[in-house]
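Asker: Hey, dropping final.cif in here, mmCIF, C-alpha atoms:
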data_upload
#
loop_
_atom_site.group_PDB
_atom_site.id
_atom_site.type_symbol
_atom_site.label_atom_id
_atom_site.label_comp_id
_atom_site.auth_asym_id
_atom_site.auth_seq_id
_atom_site.Cartn_x
_atom_site.Cartn_y
_atom_site.Cartn_z
ATOM 1 C CA MET K 262 -67.474 -53.170 -130.362
ATOM 2 C CA GLY K 263 -67.142 -56.933 -130.653
ATOM 3 C CA VAL K 264 -64.059 -58.727 -131.955
ATOM 4 C CA LEU K 265 -63.115 -62.383 -131.945
ATOM 5 C CA ALA K 266 -61.592 -63.272 -128.595
ATOM 6 C CA ARG K 267 -58.297 -65.038 -128.002
ATOM 7 C CA HIS K 268 -57.841 -68.139 -125.839
ATOM 8 C CA TRP K 269 -61.035 -70.156 -126.193
ATOM 9 C CA GLU K 270 -62.346 -73.353 -127.754
ATOM 10 C CA ARG K 271 -65.652 -74.702 -129.000
ATOM 11 C CA SER K 272 -67.581 -76.884 -126.602
ATOM 12 C CA LYS K 273 -70.774 -78.923 -127.086
ATOM 13 C CA ASP K 274 -74.167 -77.774 -128.350
ATOM 14 C CA GLY K 275 -72.949 -74.418 -129.653
ATOM 15 C CA LYS K 276 -71.286 -73.493 -126.383
ATOM 16 C CA VAL K 277 -67.786 -72.059 -126.093
ATOM 17 C CA LYS K 278 -65.192 -72.537 -123.372
ATOM 18 C CA CYS K 279 -63.106 -69.526 -122.387
ATOM 19 C CA LEU K 280 -59.478 -70.362 -121.579
ATOM 20 C CA LEU K 281 -58.398 -66.916 -120.424
ATOM 21 C CA CYS K 282 -58.792 -67.263 -116.669
ATOM 22 C CA PRO K 283 -59.056 -70.096 -114.132
ATOM 23 C CA HIS K 284 -62.868 -70.028 -114.133
ATOM 24 C CA PHE K 285 -62.880 -71.714 -117.584
ATOM 25 C CA CYS K 286 -66.426 -70.446 -118.231
ATOM 26 C CA VAL K 287 -68.547 -72.593 -120.570
ATOM 27 C CA ILE K 288 -70.821 -70.063 -122.249
ATOM 28 C CA SER K 289 -74.109 -70.705 -124.033
ATOM 29 C CA GLU K 290 -75.184 -68.854 -127.177
ATOM 30 C CA GLY K 291 -76.023 -65.222 -126.438
ATOM 31 C CA LYS K 292 -74.664 -65.375 -122.918
ATOM 32 C CA SER K 293 -71.540 -63.964 -121.289
ATOM 33 C CA GLY K 294 -68.970 -65.428 -118.946
ATOM 34 C CA LEU K 295 -68.550 -64.400 -115.340
ATOM 35 C CA CYS K 296 -66.674 -61.294 -116.475
ATOM 36 C CA LEU K 297 -69.684 -59.843 -118.417
ATOM 37 C CA ILE K 298 -67.789 -58.807 -121.544
ATOM 38 C CA ARG K 299 -66.673 -62.117 -123.061
ATOM 39 C CA LYS K 300 -69.716 -63.415 -124.919
ATOM 40 C CA ASN K 301 -70.823 -66.294 -127.099
ATOM 41 C CA VAL K 302 -71.981 -64.820 -130.394
ATOM 42 C CA ASP K 303 -72.992 -67.353 -133.081
ATOM 43 C CA GLY K 304 -70.899 -70.068 -131.463
ATOM 44 C CA MET K 305 -67.732 -67.946 -131.235
ATOM 45 C CA LEU K 306 -66.279 -66.164 -128.227
ATOM 46 C CA GLN K 307 -66.233 -62.407 -128.680
ATOM 47 C CA GLN K 308 -64.704 -59.605 -126.685
ATOM 48 C CA SER K 309 -67.754 -57.345 -126.579
ATOM 49 C CA ALA K 310 -66.074 -54.233 -125.138
ATOM 50 C CA TYR K 311 -63.049 -54.082 -127.426
ATOM 51 C CA ALA K 312 -61.777 -50.470 -127.685
ATOM 52 C CA GLU K 313 -64.686 -49.268 -125.541
ATOM 53 C CA PRO K 314 -63.528 -47.756 -122.252
ATOM 54 C CA CYS K 315 -66.041 -46.436 -119.763
ATOM 55 C CA SER K 316 -63.418 -44.477 -117.843
ATOM 56 C CA VAL K 317 -60.448 -42.474 -119.137
ATOM 57 C CA SER K 318 -58.334 -40.158 -117.005
ATOM 58 C CA VAL K 319 -54.796 -38.928 -116.469
ATOM 59 C CA ASP K 320 -53.715 -39.901 -112.949
ATOM 60 C CA PRO K 321 -50.603 -39.647 -110.803
ATOM 61 C CA ILE K 322 -48.722 -42.950 -111.033
ATOM 62 C CA GLU K 323 -48.968 -43.101 -107.229
ATOM 63 C CA LYS K 324 -52.735 -43.579 -107.535
ATOM 64 C CA LYS K 325 -52.354 -47.073 -109.072
ATOM 65 C CA PRO K 326 -50.626 -47.404 -106.554
ATOM 66 C CA LEU K 327 -47.077 -47.587 -107.865
ATOM 67 C CA TYR K 328 -44.570 -45.836 -105.597
ATOM 68 C CA HIS K 329 -41.298 -47.078 -107.071
ATOM 69 C CA PHE K 330 -42.027 -46.802 -110.792
ATOM 70 C CA LYS K 331 -41.444 -43.352 -112.300
ATOM 71 C CA PRO K 332 -42.428 -41.530 -109.079
ATOM 72 C CA GLY K 333 -44.021 -38.131 -109.554
ATOM 73 C CA SER K 334 -45.134 -38.861 -113.116
ATOM 74 C CA ASP K 335 -48.612 -38.919 -114.664
ATOM 75 C CA ILE K 336 -50.096 -41.820 -116.588
ATOM 76 C CA LEU K 337 -53.117 -42.167 -118.843
ATOM 77 C CA SER K 338 -55.543 -44.559 -117.130
ATOM 78 C CA VAL K 339 -58.309 -46.514 -118.851
ATOM 79 C CA GLY K 340 -60.862 -49.112 -117.864
ATOM 80 C CA THR K 341 -64.032 -50.749 -119.087
ATOM 81 C CA ASN K 342 -66.770 -52.946 -117.613
ATOM 82 C CA GLY K 343 -66.440 -56.365 -116.066
ATOM 83 C CA CYS K 344 -64.357 -58.444 -113.678
ATOM 84 C CA ASN K 345 -63.630 -62.132 -113.117
ATOM 85 C CA MET K 346 -64.032 -61.916 -109.338
ATOM 86 C CA HIS K 347 -67.004 -60.746 -107.244
ATOM 87 C CA CYS K 348 -65.465 -59.084 -104.204
ATOM 88 C CA ARG K 349 -68.103 -57.965 -101.720
ATOM 89 C CA HIS K 350 -66.087 -54.824 -100.941
ATOM 90 C CA CYS K 351 -65.371 -53.735 -104.549
ATOM 91 C CA GLN K 352 -64.821 -49.975 -104.748
ATOM 92 C CA ASN K 353 -65.545 -49.878 -108.487
ATOM 93 C CA TRP K 354 -68.582 -52.172 -108.384
ATOM 94 C CA HIS K 355 -70.646 -49.745 -110.473
ATOM 95 C CA ILE K 356 -68.498 -50.549 -113.540
ATOM 96 C CA SER K 357 -67.201 -54.031 -112.662
ATOM 97 C CA THR K 358 -70.575 -55.699 -111.987
ATOM 98 C CA GLN K 359 -72.647 -54.228 -114.817
ATOM 99 C CA GLU K 360 -72.329 -52.867 -118.329
ATOM 100 C CA THR K 361 -72.484 -49.096 -118.509
ATOM 101 C CA THR K 362 -72.210 -46.463 -121.225
ATOM 102 C CA ARG K 363 -68.884 -46.788 -123.032
ATOM 103 C CA GLN K 364 -67.078 -44.685 -125.608
ATOM 104 C CA SER K 365 -65.276 -45.874 -128.726
ATOM 105 C CA THR K 366 -61.564 -45.275 -129.167
ATOM 106 C CA THR K 367 -58.451 -46.810 -130.719
ATOM 107 C CA PRO K 368 -54.963 -47.514 -129.366
ATOM 108 C CA GLU K 369 -53.646 -44.737 -131.605
ATOM 109 C CA LYS K 370 -56.093 -42.192 -130.171
ATOM 110 C CA LEU K 371 -55.120 -43.181 -126.645
ATOM 111 C CA LEU K 372 -51.436 -42.883 -127.544
ATOM 112 C CA HIS K 373 -52.045 -39.355 -128.838
ATOM 113 C CA LEU K 374 -53.966 -38.509 -125.659
ATOM 114 C CA SER K 375 -51.125 -39.832 -123.526
ATOM 115 C CA LYS K 376 -48.448 -37.863 -125.318
ATOM 116 C CA SER K 377 -50.486 -34.661 -125.393
ATOM 117 C CA ASN K 378 -50.892 -34.847 -121.618
ATOM 118 C CA SER K 379 -47.203 -35.537 -120.870
ATOM 119 C CA SER K 380 -48.103 -39.018 -119.653
ATOM 120 C CA ILE K 381 -45.427 -41.712 -119.416
ATOM 121 C CA GLY K 382 -47.770 -44.310 -120.901
ATOM 122 C CA ILE K 383 -50.984 -46.136 -120.149
ATOM 123 C CA ALA K 384 -52.387 -47.952 -117.114
ATOM 124 C CA TYR K 385 -55.089 -50.575 -117.596
ATOM 125 C CA THR K 386 -57.077 -50.164 -114.409
ATOM 126 C CA TYR K 387 -60.417 -49.293 -112.709
ATOM 127 C CA ASN K 388 -62.060 -52.625 -113.612
ATOM 128 C CA GLU K 389 -60.130 -55.881 -114.053
ATOM 129 C CA PRO K 390 -58.049 -55.282 -117.204
ATOM 130 C CA LEU K 391 -57.310 -58.951 -117.866
ATOM 131 C CA VAL K 392 -60.915 -59.600 -118.937
ATOM 132 C CA TRP K 393 -60.324 -56.865 -121.567
ATOM 133 C CA TYR K 394 -57.421 -58.962 -122.765
ATOM 134 C CA GLU K 395 -57.637 -58.477 -126.533
ATOM 135 C CA PHE K 396 -57.701 -54.695 -126.354
ATOM 136 C CA VAL K 397 -55.052 -54.532 -123.629
ATOM 137 C CA TYR K 398 -52.784 -56.736 -125.742
ATOM 138 C CA ASP K 399 -53.252 -54.722 -128.944
ATOM 139 C CA CYS K 400 -52.991 -51.377 -127.168
ATOM 140 C CA ALA K 401 -49.890 -52.464 -125.271
ATOM 141 C CA LYS K 402 -48.133 -53.268 -128.556
ATOM 142 C CA VAL K 403 -48.850 -49.780 -129.905
ATOM 143 C CA PHE K 404 -47.609 -48.099 -126.725
ATOM 144 C CA ARG K 405 -44.527 -50.337 -126.516
ATOM 145 C CA ASP K 406 -43.612 -49.568 -130.137
ATOM 146 C CA SER K 407 -43.881 -45.845 -129.386
ATOM 147 C CA GLY K 408 -41.556 -46.061 -126.382
ATOM 148 C CA GLN K 409 -44.300 -45.474 -123.810
ATOM 149 C CA LYS K 410 -44.940 -47.594 -120.716
ATOM 150 C CA ASN K 411 -47.633 -50.214 -120.091
ATOM 151 C CA VAL K 412 -48.956 -50.714 -116.559
ATOM 152 C CA LEU K 413 -51.411 -53.342 -115.293
ATOM 153 C CA VAL K 414 -53.465 -52.931 -112.123
ATOM 154 C CA THR K 415 -54.812 -56.432 -111.731
ATOM 155 C CA ASN K 416 -56.155 -59.194 -109.507
ATOM 156 C CA GLY K 417 -53.844 -61.635 -111.312
ATOM 157 C CA GLN K 418 -56.599 -64.084 -112.278
ATOM 158 C CA ILE K 419 -55.259 -65.324 -115.607
ATOM 159 C CA ASN K 420 -54.100 -68.669 -116.995
ATOM 160 C CA PRO K 421 -50.420 -69.346 -117.797
ATOM 161 C CA ASP K 422 -50.601 -69.268 -121.619
ATOM 162 C CA PRO K 423 -52.271 -65.841 -122.008
ATOM 163 C CA LEU K 424 -50.120 -64.486 -119.184
ATOM 164 C CA THR K 425 -46.961 -65.640 -120.948
ATOM 165 C CA GLU K 426 -48.199 -63.989 -124.153
ATOM 166 C CA LEU K 427 -48.968 -60.640 -122.495
ATOM 167 C CA THR K 428 -46.083 -60.276 -120.048
ATOM 168 C CA PRO K 429 -43.383 -59.153 -122.537
ATOM 169 C CA LEU K 430 -45.460 -56.028 -123.260
ATOM 170 C CA ILE K 431 -45.873 -54.998 -119.602
ATOM 171 C CA ASP K 432 -43.437 -52.672 -117.827
ATOM 172 C CA ALA K 433 -44.999 -52.549 -114.371
ATOM 173 C CA ALA K 434 -47.893 -54.057 -112.467
ATOM 174 C CA ASN K 435 -49.654 -53.594 -109.182
ATOM 175 C CA VAL K 436 -51.121 -56.971 -108.262
ATOM 176 C CA ASP K 437 -53.905 -57.145 -105.706
ATOM 177 C CA LEU K 438 -53.033 -59.992 -103.341
ATOM 178 C CA LYS K 439 -56.369 -60.021 -101.558
ATOM 179 C CA GLY K 440 -55.535 -62.479 -98.786
ATOM 180 C CA PHE K 441 -53.490 -65.605 -98.303
ATOM 181 C CA THR K 442 -55.923 -68.506 -98.020
ATOM 182 C CA GLU K 443 -57.833 -70.312 -100.733
ATOM 183 C CA GLU K 444 -60.950 -70.041 -98.556
ATOM 184 C CA PHE K 445 -60.795 -66.248 -98.595
ATOM 185 C CA TYR K 446 -60.251 -66.225 -102.347
ATOM 186 C CA LYS K 447 -63.107 -68.659 -102.898
ATOM 187 C CA ASN K 448 -65.458 -66.306 -101.051
ATOM 188 C CA GLU K 449 -64.340 -63.488 -103.346
ATOM 189 C CA GLY K 450 -64.725 -65.595 -106.486
ATOM 190 C CA GLY K 451 -61.089 -66.228 -107.266
ATOM 191 C CA PHE K 452 -58.074 -68.503 -106.807
ATOM 192 C CA LEU K 453 -55.064 -67.683 -104.649
ATOM 193 C CA GLU K 454 -52.730 -69.885 -106.706
ATOM 194 C CA SER K 455 -53.580 -67.977 -109.878
ATOM 195 C CA THR K 456 -52.624 -64.646 -108.335
ATOM 196 C CA LYS K 457 -49.422 -66.132 -106.907
ATOM 197 C CA ASN K 458 -48.514 -67.536 -110.317
ATOM 198 C CA THR K 459 -49.025 -64.116 -111.909
ATOM 199 C CA ILE K 460 -46.792 -62.413 -109.357
ATOM 200 C CA GLU K 461 -44.059 -65.021 -109.688
ATOM 201 C CA HIS K 462 -44.176 -65.119 -113.489
ATOM 202 C CA MET K 463 -44.030 -61.345 -113.920
ATOM 203 C CA ALA K 464 -41.310 -60.892 -111.321
ATOM 204 C CA LYS K 465 -39.181 -63.563 -112.994
ATOM 205 C CA ALA K 466 -39.752 -61.889 -116.376
ATOM 206 C CA GLY K 467 -38.418 -58.570 -115.068
ATOM 207 C CA VAL K 468 -41.703 -56.696 -114.776
ATOM 208 C CA HIS K 469 -41.635 -54.110 -111.990
ATOM 209 C CA ILE K 470 -44.037 -55.520 -109.379
ATOM 210 C CA GLU K 471 -45.792 -53.876 -106.468
ATOM 211 C CA ILE K 472 -48.444 -55.576 -104.345
ATOM 212 C CA THR K 473 -51.564 -54.219 -102.666
ATOM 213 C CA ASN K 474 -53.266 -55.920 -99.743
ATOM 214 C CA LEU K 475 -56.603 -54.474 -98.576
ATOM 215 C CA LEU K 476 -56.807 -55.249 -94.858
ATOM 216 C CA ILE K 477 -60.396 -56.152 -93.940
ATOM 217 C CA PRO K 478 -61.149 -56.617 -90.229
ATOM 218 C CA ASN K 479 -61.891 -60.224 -89.234
ATOM 219 C CA LEU K 480 -61.662 -61.466 -92.840
ATOM 220 C CA ASN K 481 -58.017 -61.344 -93.950
ATOM 221 C CA ASP K 482 -56.140 -59.707 -91.067
ATOM 222 C CA ASP K 483 -55.134 -62.781 -89.077
ATOM 223 C CA GLU K 484 -51.566 -62.000 -88.023
ATOM 224 C CA ASP K 485 -50.098 -65.450 -88.621
ATOM 225 C CA THR K 486 -51.609 -65.703 -92.104
ATOM 226 C CA PHE K 487 -50.561 -62.139 -92.882
ATOM 227 C CA GLU K 488 -46.979 -62.885 -91.875
ATOM 228 C CA GLU K 489 -47.030 -66.007 -94.037
ATOM 229 C CA MET K 490 -48.021 -63.791 -96.972
ATOM 230 C CA CYS K 491 -45.155 -61.400 -96.225
ATOM 231 C CA ARG K 492 -42.678 -64.282 -96.104
ATOM 232 C CA TYR K 493 -43.985 -65.453 -99.475
ATOM 233 C CA ILE K 494 -43.412 -62.023 -101.028
ATOM 234 C CA SER K 495 -39.969 -61.810 -99.436
ATOM 235 C CA ASP K 496 -38.982 -65.163 -100.910
ATOM 236 C CA ILE K 497 -39.517 -63.598 -104.348
ATOM 237 C CA SER K 498 -37.768 -60.362 -103.369
ATOM 238 C CA ARG K 499 -37.498 -58.262 -100.209
ATOM 239 C CA ASP K 500 -37.558 -55.226 -102.502
ATOM 240 C CA ILE K 501 -41.158 -55.707 -103.730
ATOM 241 C CA PRO K 502 -43.151 -52.759 -102.334
ATOM 242 C CA LEU K 503 -46.208 -53.794 -100.309
ATOM 243 C CA HIS K 504 -49.138 -51.383 -100.017
ATOM 244 C CA LEU K 505 -51.365 -51.997 -97.005
ATOM 245 C CA SER K 506 -54.654 -50.381 -97.900
ATOM 246 C CA ARG K 507 -57.217 -49.274 -95.350
ATOM 247 C CA TYR K 508 -60.652 -50.799 -95.884
ATOM 248 C CA PHE K 509 -63.854 -48.753 -95.865
ATOM 249 C CA PRO K 510 -67.337 -50.302 -96.285
ATOM 250 C CA GLN K 511 -68.185 -50.620 -99.985
ATOM 251 C CA TYR K 512 -70.734 -52.379 -102.178
ATOM 252 C CA LYS K 513 -72.082 -55.422 -100.254
ATOM 253 C CA SER K 514 -69.637 -55.350 -97.355
ATOM 254 C CA SER K 515 -70.453 -53.771 -94.004
ATOM 255 C CA GLN K 516 -67.349 -54.682 -91.994
ATOM 256 C CA LYS K 517 -66.025 -51.920 -89.757
ATOM 257 C CA VAL K 518 -63.283 -49.631 -91.043
ATOM 258 C CA THR K 519 -59.735 -50.921 -90.544
ATOM 259 C CA THR K 520 -58.218 -49.253 -87.486
ATOM 260 C CA GLU K 521 -54.941 -47.354 -87.613
ATOM 261 C CA LYS K 522 -53.688 -49.691 -84.886
ATOM 262 C CA SER K 523 -54.268 -52.719 -87.127
ATOM 263 C CA LEU K 524 -52.589 -51.033 -90.092
ATOM 264 C CA LEU K 525 -49.541 -50.070 -88.046
ATOM 265 C CA ASN K 526 -49.297 -53.522 -86.492
ATOM 266 C CA CYS K 527 -49.384 -55.198 -89.908
ATOM 267 C CA MET K 528 -46.827 -52.705 -91.196
ATOM 268 C CA LYS K 529 -44.531 -53.709 -88.310
ATOM 269 C CA ILE K 530 -44.962 -57.400 -89.150
ATOM 270 C CA ALA K 531 -44.396 -56.836 -92.872
ATOM 271 C CA SER K 532 -41.309 -54.710 -92.274
ATOM 272 C CA LYS K 533 -39.551 -57.706 -90.714
ATOM 273 C CA HIS K 534 -39.595 -59.357 -94.138
ATOM 274 C CA LEU K 535 -39.830 -56.538 -96.709
ATOM 275 C CA ASN K 536 -37.773 -53.425 -97.337
ATOM 276 C CA TYR K 537 -40.622 -51.202 -98.503
ATOM 277 C CA VAL K 538 -44.026 -51.211 -96.775
ATOM 278 C CA PHE K 539 -46.594 -48.433 -97.145
ATOM 279 C CA ILE K 540 -49.990 -47.580 -95.707
ATOM 280 C CA GLY K 541 -52.656 -46.247 -98.065
ATOM 281 C CA ASN K 542 -56.156 -44.800 -97.613
ATOM 282 C CA ALA K 543 -55.053 -43.381 -94.249
ATOM 283 C CA SER K 544 -53.340 -40.126 -93.362
ATOM 284 C CA ILE K 545 -50.587 -41.379 -91.073
ATOM 285 C CA PRO K 546 -47.440 -39.200 -91.229
ATOM 286 C CA GLU K 547 -44.503 -40.706 -93.147
ATOM 287 C CA LYS K 548 -46.181 -44.098 -93.654
ATOM 288 C CA ALA K 549 -46.398 -43.443 -97.399
ATOM 289 C CA ASP K 550 -42.786 -42.254 -97.651
ATOM 290 C CA THR K 551 -39.881 -44.288 -99.000
ATOM 291 C CA PHE K 552 -36.871 -44.759 -96.720
ATOM 292 C CA CYS K 553 -33.504 -46.317 -97.514
ATOM 293 C CA PRO K 554 -33.375 -49.891 -96.148
ATOM 294 C CA GLY K 555 -29.696 -49.403 -95.392
ATOM 295 C CA CYS K 556 -29.634 -46.203 -93.317
ATOM 296 C CA ASN K 557 -33.286 -45.095 -93.069
ATOM 297 C CA LYS K 558 -32.702 -41.866 -94.980
ATOM 298 C CA LYS K 559 -35.918 -40.511 -96.486
ATOM 299 C CA ILE K 560 -35.729 -40.959 -100.264
ATOM 300 C CA ILE K 561 -39.233 -40.029 -101.444
ATOM 301 C CA GLU K 562 -41.764 -37.907 -99.564
ATOM 302 C CA ARG K 563 -45.478 -38.229 -100.332
ATOM 303 C CA THR K 564 -48.408 -36.087 -99.250
ATOM 304 C CA GLY K 565 -51.561 -37.459 -100.802
ATOM 305 C CA TYR K 566 -50.627 -37.808 -104.463
ATOM 306 C CA GLN K 567 -48.005 -35.051 -104.235
ATOM 307 C CA THR K 568 -44.537 -36.587 -104.516
ATOM 308 C CA ARG K 569 -41.137 -35.081 -103.773
ATOM 309 C CA CYS K 570 -38.084 -37.143 -104.731
ATOM 310 C CA LEU K 571 -35.059 -36.285 -102.596
ATOM 311 C CA THR K 572 -32.793 -38.054 -105.077
ATOM 312 C CA GLU K 573 -33.213 -39.202 -108.658
ATOM 313 C CA GLU K 574 -30.658 -41.985 -108.451
ATOM 314 C CA ASN K 575 -31.401 -45.544 -107.376
ATOM 315 C CA ILE K 576 -28.465 -45.406 -104.969
ATOM 316 C CA CYS K 577 -28.870 -43.903 -101.500
ATOM 317 C CA PRO K 578 -26.831 -40.666 -101.388
ATOM 318 C CA ASP K 579 -25.859 -41.334 -97.757
ATOM 319 C CA CYS K 580 -24.942 -45.026 -97.566
ATOM 320 C CA SER K 581 -24.862 -46.121 -101.240
ATOM 321 C CA HIS K 582 -27.461 -48.856 -100.650
ATOM 322 C CA LYS K 583 -29.082 -49.897 -103.933
ATOM 323 C CA LEU K 584 -32.704 -48.771 -103.999
ATOM 324 C CA SER K 585 -35.645 -50.520 -105.651
ATOM 325 C CA VAL K 586 -36.887 -47.387 -107.401
ATOM 326 C CA LEU K 587 -37.154 -46.843 -111.157
ATOM 327 C CA PHE K 588 -36.866 -43.079 -111.503
#
Please lay out the structure from this file as structure tokens.
Answerer:
Amino acid sequence: MGVLARHWERSKDGKVKCLLCPHFCVISEGKSGLCLIRKNVDGMLQQSAYAEPCSVSVDPIEKKPLYHFKPGSDILSVGTNGCNMHCRHCQNWHISTQETTRQSTTPEKLLHLSKSNSSIGIAYTYNEPLVWYEFVYDCAKVFRDSGQKNVLVTNGQINPDPLTELTPLIDAANVDLKGFTEEFYKNEGGFLESTKNTIEHMAKAGVHIEITNLLIPNLNDDEDTFEEMCRYISDISRDIPLHLSRYFPQYKSSQKVTTEKSLLNCMKIASKHLNYVFIGNASIPEKADTFCPGCNKKIIERTGYQTRCLTEENICPDCSHKLSVLF
């Protein structure tokens, strides 16, 4: 379903210029931008996948991953085709790099589906939701008006104006901070500064932020650069949860699997600067659990996507340290 896109302008010779993300694609008639689903139709930019998800599921909130936002709850999760990066290790490349069969829906139908499944709201995920901007924006308004939550799982590649427009509708976000050099981002088809701006803007606006970093051997696991990234996050807030995700070969990448030793070493480095550091995609005892930064009491226990909260207050029952958990 095509609808007129937001954030674009006419260019020369019937072309259009998309202003949504830092690629600023100039798109010829009948063609699409880098993201696949923003297309020039009769000299106007259209969102060609509006209200057409290719994946709909009810997931544990921990799968996003969000560990400190409504732990133990379920959330309706939707995604479509397309992305504005081209990561060689993309785990969802089959929907992000090509257009697949999609189904038609409406925000109201998704709201009904969420409520009927005891979901706390909706997560825009699986592909890059920001390229689905028009539908995410409209759907987020419907869910916000109903009292349900809106969650973004995003690479953060968006320009300031559309980000400022969308942020008031978002309750929580997991932002994928893929590395901490512009060279690494350039190789993945993105811009480090754009992702940093998204994190900073949302955090300042009061959005609950968590960050994922996929550790890829020999590509983004340099210890000095990694520690610089952790200091950057800490300067925003020591309480931002950082998820260190274990890499497995995917799509066009054939790097070796991240070792447990590397994950644990990076966790040790990160923990010098951040109060909450987790390891994902690896079964290492207690490394996905939440502990009080004040006294090290276990607050939340996780086994896979099974979650057991040992308190439902954001104050440690032993030492009264304020916790960064939205129960």
Asker: Let me have the centre and edge lengths in Å, one decimal, of the box along x, y and z around every listed atom of region 448-460 of chain K with 5 Å of margin on each side, as lines of an AutoDock Vina configuration file.
Answerer:
center_x = -56.1
center_y = -66.1
center_z = -106.5
size_x = 28.7
size_y = 17.5
size_z = 20.9
Asker: With only C-alpha atoms as the basis for distance, which of K:Gly440, K:Phe452, K:Asp432, K:Pro326 is at the shortest distance from Asn542 (chain K)?
Answerer: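 Using only C-alpha atoms, Asn542 (chain K) sits closest to K:Pro326.
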Asker: Could you tell me how far CA of Leu413 (chain K) lies from CA of Tyr311 (chain K), in Å and to one decimal?
Answerer: 16.8 Å
Asker: For the provided coordinates, the residues matched by the PyMOL selection byres ((chain K and resi 488) around 10) should be stated as number ranges by chain.
Answerer: K: 441, 482-487, 489-494, 527, 530-534
Asker: Could you write those residues out with C-alpha atoms, as a PDB file, keeping the file's coordinate frame?
Answerer:
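Just written: out31.pdb:
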ATOM      1  CA  PHE K 441     -53.490 -65.605 -98.303  1.00  0.00           C
ATOM      2  CA  ASP K 482     -56.140 -59.707 -91.067  1.00  0.00           C
ATOM      3  CA  ASP K 483     -55.134 -62.781 -89.077  1.00  0.00           C
ATOM      4  CA  GLU K 484     -51.566 -62.000 -88.023  1.00  0.00           C
ATOM      5  CA  ASP K 485     -50.098 -65.450 -88.621  1.00  0.00           C
ATOM      6  CA  THR K 486     -51.609 -65.703 -92.104  1.00  0.00           C
ATOM      7  CA  PHE K 487     -50.561 -62.139 -92.882  1.00  0.00           C
ATOM      8  CA  GLU K 489     -47.030 -66.007 -94.037  1.00  0.00           C
ATOM      9  CA  MET K 490     -48.021 -63.791 -96.972  1.00  0.00           C
ATOM     10  CA  CYS K 491     -45.155 -61.400 -96.225  1.00  0.00           C
ATOM     11  CA  ARG K 492     -42.678 -64.282 -96.104  1.00  0.00           C
ATOM     12  CA  TYR K 493     -43.985 -65.453 -99.475  1.00  0.00           C
ATOM     13  CA  ILE K 494     -43.412 -62.023-101.028  1.00  0.00           C
ATOM     14  CA  CYS K 527     -49.384 -55.198 -89.908  1.00  0.00           C
ATOM     15  CA  ILE K 530     -44.962 -57.400 -89.150  1.00  0.00           C
ATOM     16  CA  ALA K 531     -44.396 -56.836 -92.872  1.00  0.00           C
ATOM     17  CA  SER K 532     -41.309 -54.710 -92.274  1.00  0.00           C
ATOM     18  CA  LYS K 533     -39.551 -57.706 -90.714  1.00  0.00           C
ATOM     19  CA  HIS K 534     -39.595 -59.357 -94.138  1.00  0.00           C
TER      20      HIS K 534
END
Asker: I'd like the interatomic distance between CA of Tyr385 (chain K) and CA of Ser357 (chain K), to a tenth of an Å.
Answerer: 13.5 Å
Asker: Env of Ser334 (chain K): 9 Å cut, atoms = only C-alpha atoms, seq-sep filter 5 positions within chain, self excluded. Answer as a ChimeraX atom specification.
Answerer: /K:320-323,379-381,568
Asker: With only C-alpha atoms counted, which protein, DNA or RNA residues have an atom no more than 10 Å from (-59.9, -50.3, -129.3) in the file frame? Please answer as a PyMOL selection string.
Answerer: chain K and resi 262-264+310-314+364-371+395-397+399-400
Asker: List the neighbours of Ser585 (chain K) out to 10 Å using all atoms listed in the file; skip same-chain residues closer than 6 positions along the sequence, and give me the result as number ranges by chain.
Answerer: K: 329-330, 469, 499-502, 536-537, 553-554, 575-576
Asker: With C-alpha atoms retained, write the just-selected residues as a compact mmCIF listing (two decimals), keeping the file's coordinate frame.
Answerer:
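Result file is result.txt:
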# COMPACT_ATOMS: atom_id res chain seq x y z
CA HIS K 329 -41.30 -47.08 -107.07
CA PHE K 330 -42.03 -46.80 -110.79
CA HIS K 469 -41.64 -54.11 -111.99
CA ARG K 499 -37.50 -58.26 -100.21
CA ASP K 500 -37.56 -55.23 -102.50
CA ILE K 501 -41.16 -55.71 -103.73
CA PRO K 502 -43.15 -52.76 -102.33
CA ASN K 536 -37.77 -53.42 -97.34
CA TYR K 537 -40.62 -51.20 -98.50
CA CYS K 553 -33.50 -46.32 -97.51
CA PRO K 554 -33.38 -49.89 -96.15
CA ASN K 575 -31.40 -45.54 -107.38
CA ILE K 576 -28.46 -45.41 -104.97
Asker: Taking the file as shown, what set of residues would the PyMOL selection byres ((chain K and resi 307) around 6) give back, as a PyMOL selection string?
Answerer: chain K and resi 263-266+299-300+306+308-309
Asker: Just say which residues the PyMOL selection byres ((chain K and resi 281) around 6) picks in this file, as JSON, numbers by chain.
Answerer: {"K": [268, 279, 280, 282, 419, 420]}
Asker: So, with all atoms listed in the file as the atoms that count, which of K:Thr362, K:Ser455, K:Ser318, K:Ser375 lies closest to Tyr387 (chain K)?
Answerer: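 Ranked by minimum distance to Tyr387 (chain K), first place goes to K:Ser318.
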Asker: May I ask which of the residues K:Gly451, K:Pro546, K:Pro423, K:Pro478 is the closest one to Arg267 (chain K), counting all atoms listed in the file?
Answerer: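 Ranking K:Gly451, K:Pro546, K:Pro423, K:Pro478 by distance to Arg267 (chain K), first place goes to K:Pro423.
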Asker: Measuring atom to atom with all atoms listed in the file, identify which of K:Thr564, K:Asn342, K:Gln352, K:Ser293 is nearest to Trp393 (chain K).
Answerer: K:Asn342
Asker: From the options K:Ser338, K:Asn345, K:Ser316, K:Ser289, which residue's atoms come nearest to Asp303 (chain K), counting only C-alpha atoms?
Answerer: K:Ser289
Asker: What's the separation between CA of Thr459 (chain K) and CA of Thr428 (chain K), in Å to one decimal place?
Answerer: 9.5 Å
Asker: Would you kindly return, as a list of chain:residue names, each protein, DNA or RNA residue with an atom no farther than 10 Å from any atom of Glu562 (chain K), considering only C-alpha atoms and excluding same-chain residues fewer than 2 positions away?
Answerer: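 Within the cut-off, the hits are K:Glu547, K:Lys548, K:Ala549, K:Asp550, K:Thr551, K:Phe552, K:Lys559, K:Ile560, K:Thr564, K:Gly565, K:Gln567, K:Thr568, K:Arg569, K:Cys570, K:Leu571.
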